[in-house]
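Accompanying notes for the structure given below.
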Amino acid sequence: MNKSWLFLIIGGLLEVVWAVGLKYSHGFTDIPWTLFTVAVMALSFYFFAYCLTHMEVGMAYAIYTGIGAVGTVLYGYFFLDEPMSILKLFFLTLLIASIVGLKFVEGAEES
């Protein structure tokens with residue numbers, strides 16, 4: 001895995017952190033959570049921006065948001081008692097398969 005992919009994954013994982021931070025900031029009324037969330041947003045965008053110097057923007061953005069979406073849904077399920085249905089699980093699995101598929105497509109286009 002090259003540095004761009006590593007930075008893309010880190011940026012996507014940080015997206016989960018700031019998305020959850022948005023919930024805890026209570027509409028930006030909780031100042032410590034708001035400051036934490038904004039700082040993590042900036043860090044997440046830094047990692048995402050770096051990967052864009054070496055990757056296609058469309059594919060990178062799809063993967064970045066996909067990691068964030070899957071991670072945030074899983075956090076909500078495991079830590080916030082948000083519901084999980086068979087259909088939600090199916091579509092999360094489909095999203096993960098799409099992210100992995102994009103990685104393979106990117107690798108195949110380079111060769």
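Scheme for the structure tokens: letters A, B, ... for chains in order shown; per-chain residue numbers from 1; ligand numbers from 1 in order shown.
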
Mind listing the alpha helix (DSSP H) residues of region 6-100 of chain A, per DSSP on the backbone, as a ChimeraX atom specification?
/A:6-24,31-51,57-79,86-100

Using only C-alpha atoms, which residues sit within 8 Å of region 66-68 of chain A once same-chain residues fewer than 2 positions away are excluded, as a ChimeraX atom specification?
/A:9,12-16,19,62-64,70-72,95-96,99

Convert the current residue selection to file output with all heavy atoms, as an mmCIF file, in the first residue's frame.
```
data_model
loop_
_atom_site.group_PDB
_atom_site.id
_atom_site.type_symbol
_atom_site.label_atom_id
_atom_site.label_comp_id
_atom_site.auth_asym_id
_atom_site.auth_seq_id
_atom_site.Cartn_x
_atom_site.Cartn_y
_atom_site.Cartn_z
ATOM 1 N N ILE A 9 -7.060 6.291 3.787
ATOM 2 C CA ILE A 9 -7.706 5.491 4.831
ATOM 3 C C ILE A 9 -7.715 6.249 6.159
ATOM 4 O O ILE A 9 -8.743 6.296 6.852
ATOM 5 C CB ILE A 9 -7.010 4.117 4.966
ATOM 6 C CG1 ILE A 9 -7.290 3.281 3.711
ATOM 7 C CG2 ILE A 9 -7.479 3.389 6.221
ATOM 8 C CD1 ILE A 9 -6.435 2.041 3.582
ATOM 9 N N GLY A 12 -10.316 8.936 5.949
ATOM 10 C CA GLY A 12 -11.658 8.359 6.061
ATOM 11 C C GLY A 12 -12.007 7.976 7.483
ATOM 12 O O GLY A 12 -13.126 8.189 7.946
ATOM 13 N N LEU A 13 -11.045 7.414 8.201
ATOM 14 C CA LEU A 13 -11.286 7.054 9.605
ATOM 15 C C LEU A 13 -11.482 8.304 10.461
ATOM 16 O O LEU A 13 -12.328 8.323 11.367
ATOM 17 C CB LEU A 13 -10.138 6.201 10.141
ATOM 18 C CG LEU A 13 -10.010 4.809 9.519
ATOM 19 C CD1 LEU A 13 -8.737 4.120 9.998
ATOM 20 C CD2 LEU A 13 -11.235 3.961 9.821
ATOM 21 N N LEU A 14 -10.714 9.351 10.146
ATOM 22 C CA LEU A 14 -10.910 10.609 10.872
ATOM 23 C C LEU A 14 -12.267 11.235 10.553
ATOM 24 O O LEU A 14 -12.837 11.950 11.374
ATOM 25 C CB LEU A 14 -9.771 11.587 10.562
ATOM 26 C CG LEU A 14 -8.425 11.232 11.186
ATOM 27 C CD1 LEU A 14 -7.320 12.124 10.637
ATOM 28 C CD2 LEU A 14 -8.485 11.322 12.705
ATOM 29 N N GLU A 15 -12.793 10.946 9.359
ATOM 30 C CA GLU A 15 -14.144 11.419 9.032
ATOM 31 C C GLU A 15 -15.166 10.814 9.992
ATOM 32 O O GLU A 15 -16.114 11.480 10.406
ATOM 33 C CB GLU A 15 -14.515 11.086 7.587
ATOM 34 C CG GLU A 15 -15.873 11.662 7.212
ATOM 35 C CD GLU A 15 -16.337 11.290 5.823
ATOM 36 O OE1 GLU A 15 -15.684 10.483 5.142
ATOM 37 O OE2 GLU A 15 -17.393 11.805 5.433
ATOM 38 N N VAL A 16 -14.972 9.556 10.352
ATOM 39 C CA VAL A 16 -15.856 8.919 11.342
ATOM 40 C C VAL A 16 -15.793 9.687 12.658
ATOM 41 O O VAL A 16 -16.816 9.988 13.271
ATOM 42 C CB VAL A 16 -15.467 7.437 11.572
ATOM 43 C CG1 VAL A 16 -16.312 6.819 12.676
ATOM 44 C CG2 VAL A 16 -15.583 6.639 10.283
ATOM 45 N N ALA A 19 -17.550 13.064 12.344
ATOM 46 C CA ALA A 19 -19.001 12.901 12.217
ATOM 47 C C ALA A 19 -19.627 12.603 13.570
ATOM 48 O O ALA A 19 -20.672 13.170 13.936
ATOM 49 C CB ALA A 19 -19.321 11.790 11.216
ATOM 50 N N ALA A 62 -15.022 8.938 -3.330
ATOM 51 C CA ALA A 62 -15.969 7.840 -3.093
ATOM 52 C C ALA A 62 -15.480 6.943 -1.965
ATOM 53 O O ALA A 62 -16.257 6.532 -1.090
ATOM 54 C CB ALA A 62 -16.176 7.033 -4.378
ATOM 55 N N ILE A 63 -14.204 6.649 -1.954
ATOM 56 C CA ILE A 63 -13.639 5.785 -0.918
ATOM 57 C C ILE A 63 -13.612 6.509 0.428
ATOM 58 O O ILE A 63 -13.985 5.943 1.452
ATOM 59 C CB ILE A 63 -12.244 5.284 -1.335
ATOM 60 C CG1 ILE A 63 -12.383 4.361 -2.548
ATOM 61 C CG2 ILE A 63 -11.539 4.586 -0.182
ATOM 62 C CD1 ILE A 63 -11.090 4.026 -3.232
ATOM 63 N N TYR A 64 -13.201 7.760 0.422
ATOM 64 C CA TYR A 64 -13.147 8.578 1.649
ATOM 65 C C TYR A 64 -14.523 8.649 2.314
ATOM 66 O O TYR A 64 -14.667 8.376 3.505
ATOM 67 C CB TYR A 64 -12.648 9.970 1.260
ATOM 68 C CG TYR A 64 -12.678 11.019 2.332
ATOM 69 C CD1 TYR A 64 -11.683 11.100 3.287
ATOM 70 C CD2 TYR A 64 -13.690 11.969 2.358
ATOM 71 C CE1 TYR A 64 -11.696 12.095 4.264
ATOM 72 C CE2 TYR A 64 -13.709 12.962 3.322
ATOM 73 C CZ TYR A 64 -12.715 13.024 4.268
ATOM 74 O OH TYR A 64 -12.730 14.002 5.224
ATOM 75 N N VAL A 70 -19.581 4.025 6.407
ATOM 76 C CA VAL A 70 -19.610 2.700 7.041
ATOM 77 C C VAL A 70 -19.173 2.803 8.502
ATOM 78 O O VAL A 70 -19.832 2.265 9.406
ATOM 79 C CB VAL A 70 -18.726 1.690 6.273
ATOM 80 C CG1 VAL A 70 -18.552 0.398 7.067
ATOM 81 C CG2 VAL A 70 -19.323 1.397 4.907
ATOM 82 N N GLY A 71 -18.085 3.501 8.744
ATOM 83 C CA GLY A 71 -17.586 3.637 10.111
ATOM 84 C C GLY A 71 -18.561 4.341 11.027
ATOM 85 O O GLY A 71 -18.749 3.950 12.188
ATOM 86 N N THR A 72 -19.226 5.373 10.518
ATOM 87 C CA THR A 72 -20.176 6.121 11.338
ATOM 88 C C THR A 72 -21.413 5.289 11.652
ATOM 89 O O THR A 72 -21.907 5.298 12.788
ATOM 90 C CB THR A 72 -20.569 7.438 10.639
ATOM 91 O OG1 THR A 72 -19.369 8.176 10.360
ATOM 92 C CG2 THR A 72 -21.477 8.281 11.508
ATOM 93 N N LEU A 95 -21.616 -1.460 0.113
ATOM 94 C CA LEU A 95 -20.736 -0.291 0.112
ATOM 95 C C LEU A 95 -19.278 -0.696 0.323
ATOM 96 O O LEU A 95 -18.377 -0.224 -0.377
ATOM 97 C CB LEU A 95 -21.184 0.705 1.180
ATOM 98 C CG LEU A 95 -20.462 2.035 1.263
ATOM 99 C CD1 LEU A 95 -20.442 2.758 -0.078
ATOM 100 C CD2 LEU A 95 -21.116 2.905 2.318
ATOM 101 N N ILE A 96 -19.043 -1.594 1.261
ATOM 102 C CA ILE A 96 -17.684 -2.085 1.515
ATOM 103 C C ILE A 96 -17.141 -2.799 0.281
ATOM 104 O O ILE A 96 -15.994 -2.588 -0.124
ATOM 105 C CB ILE A 96 -17.645 -3.002 2.753
ATOM 106 C CG1 ILE A 96 -17.944 -2.187 4.012
ATOM 107 C CG2 ILE A 96 -16.294 -3.712 2.876
ATOM 108 C CD1 ILE A 96 -18.248 -3.024 5.239
ATOM 109 N N ILE A 99 -16.088 -0.232 -2.234
ATOM 110 C CA ILE A 99 -14.813 0.408 -1.878
ATOM 111 C C ILE A 99 -13.652 -0.509 -2.261
ATOM 112 O O ILE A 99 -12.680 -0.074 -2.885
ATOM 113 C CB ILE A 99 -14.776 0.759 -0.382
ATOM 114 C CG1 ILE A 99 -15.784 1.868 -0.072
ATOM 115 C CG2 ILE A 99 -13.371 1.172 0.049
ATOM 116 C CD1 ILE A 99 -16.032 2.073 1.411
#
```

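With only C-alpha atoms as the atoms that count, the residue of A:Leu35, A:Asp81, A:Ser44, A:Thr93 with the shortest distance to Thr65 (chain A) is A:Ser44.
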
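Across the model, the gap from CA of Trp5 (chain A) to CA of Leu102 (chain A) is 11.9 Å.
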
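For the set A:Leu22, A:Leu8, A:Gly76, A:Met59, the residue with the smallest atom-to-atom gap to Gly101 (chain A) is A:Met59, counting only C-alpha atoms.
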
Any idea what the distance is between CA of Met55 (chain A) and CA of Val38 (chain A)?
25.1 Å

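With only C-alpha atoms as the basis for measurement, A:Lys23 is the residue among A:Ile10, A:Lys23, A:Val100, A:Thr53 that approaches Leu80 (chain A) most closely.
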
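Across the structure, CA of Phe91 (chain A) and CA of Leu74 (chain A) are spaced 12.5 Å apart.
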
Out of A:Leu6, A:Val73, A:Val105, A:Met84, which residue has the shortest atom-to-atom distance to Phe48 (chain A) when counting only C-alpha atoms?
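Closest to Phe48 (chain A) of all the choices is A:Leu6.
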